[in-house]
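Colleague: One structure, as structure tokens, below. Some questions next.
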Amino acid sequence: MNNIKKVFVSCGEMSGDLHLSYIIEEIRKKDPNISFYGVVGDKSIAVGANKITHIKNNDIMGFVEALKKYKYFKQKALEYMEYIKNNNIDTVIFVDFGGFNLRFFKLLKKNIPSIKTIYYIPPKIWAWGKKRIETIKKFDDVIVIFPFEKEYFDKIEKKSGLNVKYFGNPLVDKYRFSQKLGKKIMLLPGSRKQEIGKFIPVIVDLIGNEKMKNEKFIMKFADKSHLEYAQNAVKNSNINLTEIKNLEISFDSIEALRDKCKYAVATSGTVTFELSLTGLPVITVYKTSAVNAFIARKIVKIKYITLTNLNADKEIFPELLQEDFNVEKLSEQCQIMEKQKEKIVEELKKEREKLGGNGVLGKISDYLLEKITDSDRK
């Protein structure tokens, strides 16, 4: 047991857990004596991570909800720091979830100055402004997964002293591209309770819309708790989602459903990028509270919210945000998508090629493994 090396990991939501699980799986193939402990979800647990806190406890969306859980996150950061101290852990890997992870990092560096810190998928400072640069450049290593992020950081490298690493996008290793389009419409409501609650009422109206009466839909959930969130969103309307005639409820993987569908309507998030890698067109939607939307419009500095559009620097996936996410505009966009979906598939093929070939996960895990074991050789 003395040969086991512990690494602490901190991710905050399902997309981060997905990325972390791939890295843990690859590293443990190369060195099974490395064990991972920390804030993780089901996917990381499935490949061997040890749960200190489950990410389901981090279920927040927006500024207001984050403020409500401030005391919880502050207490958790202190607990994690004590765990790291008590277990002689010398390396921490942070994955996305910047609101918490940057504060956690500052706490660690103040109390354990020698701790080695690696940020895999750092906060989107190109969207939120450059104030976080001063903190991010204090990390020992920073790894990004999009070429436009690498370009952004390289432009400010001389001023910031920050040199990020880019090996390609790891999801390219995981998704097969197809030009085949099916006949159904995939619906992806997201993973957070609040975003599911905003998505479902509009989608139920869409399914019942006269323009969409001949369409068949597949609504994909990550797990049964998300279906419960969705059902609660329409409970006052006495609607049972499982009884809607032209709607199929599924817990299958994206890969299993992809070829059955001609396009998707999806809440903004990593899933829209995953779908783009399979060649499936997407209408991206997103709605939050009025307060969160007001704050975001004052702070966020980007033209698009969809990763595919950001990487292409143009609109490939249409985006219906906030008040534009309504049944009238969505049904209109569905009619447009019917005519443009084949063209979008061709665009997605070109965008995938820009992300490099396979083997990205191997390169990232090799780099991380070297950093993790570096202190053992000193």
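Just remember, in the structure tokens the first chain shown is A, the second B, etc., residues are 1-based per chain, and ligands are 1-based in the order shown.
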Considering only C-alpha atoms, return as a ChimeraX atom specification whatever protein or nucleic-acid residues lie within 10 Å of Leu162 in chain A, sequence-local ones (same chain, fewer than 3 positions apart) excluded.

Modeller: /A:133-134,136-142,153-154,156-159,165

Colleague: As JSON, numbers by chain, list the residues of range 21-237 of chain A assigned to strand (DSSP E or B) by DSSP on the backbone atoms of this structure.

Modeller: {"A": [34, 35, 36, 37, 38, 39, 40, 50, 51, 52, 53, 54, 91, 92, 93, 94, 95, 116, 117, 118, 119, 120, 141, 142, 143, 144, 165, 166, 184, 185, 186, 187, 188, 217, 218, 219, 220]}

Colleague: Could I get the residues of range 113-211 of chain A with an atom no further than 9 Å from an atom of range 362-372 of chain A, each paired with its nearest atom pair and that distance in Å to one decimal, using only C-alpha atoms, sorted by chain and residue number, as a Markdown table?

Modeller:
| residue | atom | partner | partner_atom | distance |
| --- | --- | --- | --- | --- |
| A:Lys116 | CA | A:Ile372 | CA | 8.4 |
| A:Ile118 | CA | A:Leu368 | CA | 8.5 |
| A:Asp141 | CA | A:Lys371 | CA | 8.8 |
| A:Ile143 | CA | A:Ile364 | CA | 8.5 |
| A:Tyr166 | CA | A:Ile364 | CA | 8.7 |
| A:Phe167 | CA | A:Ile364 | CA | 6.6 |
| A:Gly168 | CA | A:Ile364 | CA | 8.8 |
| A:Pro170 | CA | A:Ile364 | CA | 8.3 |

Colleague: Write out as a PyMOL selection string the residues lying within 8 Å of Val95 in chain A, counting only C-alpha atoms and excluding same-chain residues fewer than 3 positions away.

Modeller: chain A and resi 9-12+16+20+101+119-122

Colleague: Could you tell me how far CA of Phe148 in chain A sits from CA of Val40 in chain A, in Å to one decimal place?

Modeller: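 Distance between the two atoms: 27.4 Å.
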
Colleague: Can you tell me how far CA of Val345 in chain A sits from CA of Lys287 in chain A, in Å to one decimal?

Modeller: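 Separation between CA of Val345 in chain A and CA of Lys287 in chain A: 25.9 Å.
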
Colleague: So the first atom is CA of Leu108 in chain A and the second is CA of Lys85 in chain A; what is the distance between them in Å, to one decimal place?

Modeller: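 Atom-to-atom, CA of Leu108 in chain A to CA of Lys85 in chain A, that is 9.8 Å.
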
Colleague: Would you please give, as JSON, numbers by chain, all residues of range 57-293 of chain A that DSSP assigns to helix (DSSP H, G or I) based on the backbone?

Modeller: {"A": [57, 58, 63, 64, 65, 66, 67, 68, 70, 71, 72, 73, 74, 75, 76, 77, 78, 79, 80, 81, 82, 83, 84, 85, 86, 98, 99, 100, 101, 102, 103, 104, 105, 106, 107, 108, 109, 110, 111, 125, 126, 127, 128, 130, 131, 132, 133, 134, 135, 136, 147, 148, 149, 150, 151, 152, 153, 154, 155, 156, 157, 158, 159, 160, 170, 171, 172, 173, 193, 194, 195, 196, 197, 198, 199, 200, 201, 202, 203, 204, 205, 206, 207, 210, 211, 212, 224, 225, 226, 227, 228, 229, 230, 231, 232, 233, 235, 236, 237, 241, 242, 243, 254, 255, 256, 257, 258, 270, 271, 272, 273, 274, 275, 276, 277, 278, 290, 291, 292, 293]}

Colleague: Hey, what's within 8 Å of Phe177 in chain A if we count only C-alpha atoms and toss same-chain stuff fewer than 6 positions away? As a PyMOL selection string, please?

Modeller: chain A and resi 277-279+349

Colleague: Let's have the selection written as an mmCIF file, in the first residue's frame, with N, CA, C and O atoms.

Modeller:
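Everything below was put into selection_38.cif:
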data_model
loop_
_atom_site.group_PDB
_atom_site.id
_atom_site.type_symbol
_atom_site.label_atom_id
_atom_site.label_comp_id
_atom_site.auth_asym_id
_atom_site.auth_seq_id
_atom_site.Cartn_x
_atom_site.Cartn_y
_atom_site.Cartn_z
ATOM 1 N N LEU A 277 -19.608 16.538 -32.808
ATOM 2 C CA LEU A 277 -18.568 15.568 -33.181
ATOM 3 C C LEU A 277 -19.155 14.325 -33.847
ATOM 4 O O LEU A 277 -18.458 13.630 -34.583
ATOM 5 N N THR A 278 -20.437 14.055 -33.593
ATOM 6 C CA THR A 278 -21.097 12.913 -34.252
ATOM 7 C C THR A 278 -21.691 13.309 -35.598
ATOM 8 O O THR A 278 -22.190 12.459 -36.331
ATOM 9 N N GLY A 279 -21.697 14.628 -35.893
ATOM 10 C CA GLY A 279 -22.271 15.102 -37.152
ATOM 11 C C GLY A 279 -23.745 15.407 -37.086
ATOM 12 O O GLY A 279 -24.400 15.565 -38.127
ATOM 13 N N LYS A 349 -18.308 18.457 -40.315
ATOM 14 C CA LYS A 349 -17.191 17.616 -40.746
ATOM 15 C C LYS A 349 -15.903 18.432 -40.821
ATOM 16 O O LYS A 349 -14.831 18.000 -40.361
#

Colleague: Mind checking which residues fall within 9 Å of Lys213 in chain A, counting only C-alpha atoms, ignoring those fewer than 5 positions away in the same chain, and posting them as an mmCIF file with N, CA, C and O atoms, in the first residue's frame?

Modeller:
data_model
loop_
_atom_site.group_PDB
_atom_site.id
_atom_site.type_symbol
_atom_site.label_atom_id
_atom_site.label_comp_id
_atom_site.auth_asym_id
_atom_site.auth_seq_id
_atom_site.Cartn_x
_atom_site.Cartn_y
_atom_site.Cartn_z
ATOM 1 N N ILE A 207 -43.926 20.063 -28.923
ATOM 2 C CA ILE A 207 -44.407 18.739 -29.330
ATOM 3 C C ILE A 207 -45.883 18.796 -29.714
ATOM 4 O O ILE A 207 -46.336 18.110 -30.640
ATOM 5 N N GLY A 208 -46.643 19.651 -29.022
ATOM 6 C CA GLY A 208 -48.073 19.781 -29.306
ATOM 7 C C GLY A 208 -48.410 20.824 -30.358
ATOM 8 O O GLY A 208 -49.580 20.993 -30.711
ATOM 9 N N ASN A 246 -46.253 10.995 -29.228
ATOM 10 C CA ASN A 246 -45.135 11.049 -30.181
ATOM 11 C C ASN A 246 -43.796 11.364 -29.508
ATOM 12 O O ASN A 246 -42.861 11.830 -30.145
#

Colleague: Point out the residue among A:Phe94, A:Phe105, A:Phe100, A:Phe325 with the least atom-to-atom distance to Lys71 in chain A, counting only C-alpha atoms.

Modeller: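 Of A:Phe94, A:Phe105, A:Phe100, A:Phe325, the one nearest Lys71 in chain A, counting only C-alpha atoms, is A:Phe100.
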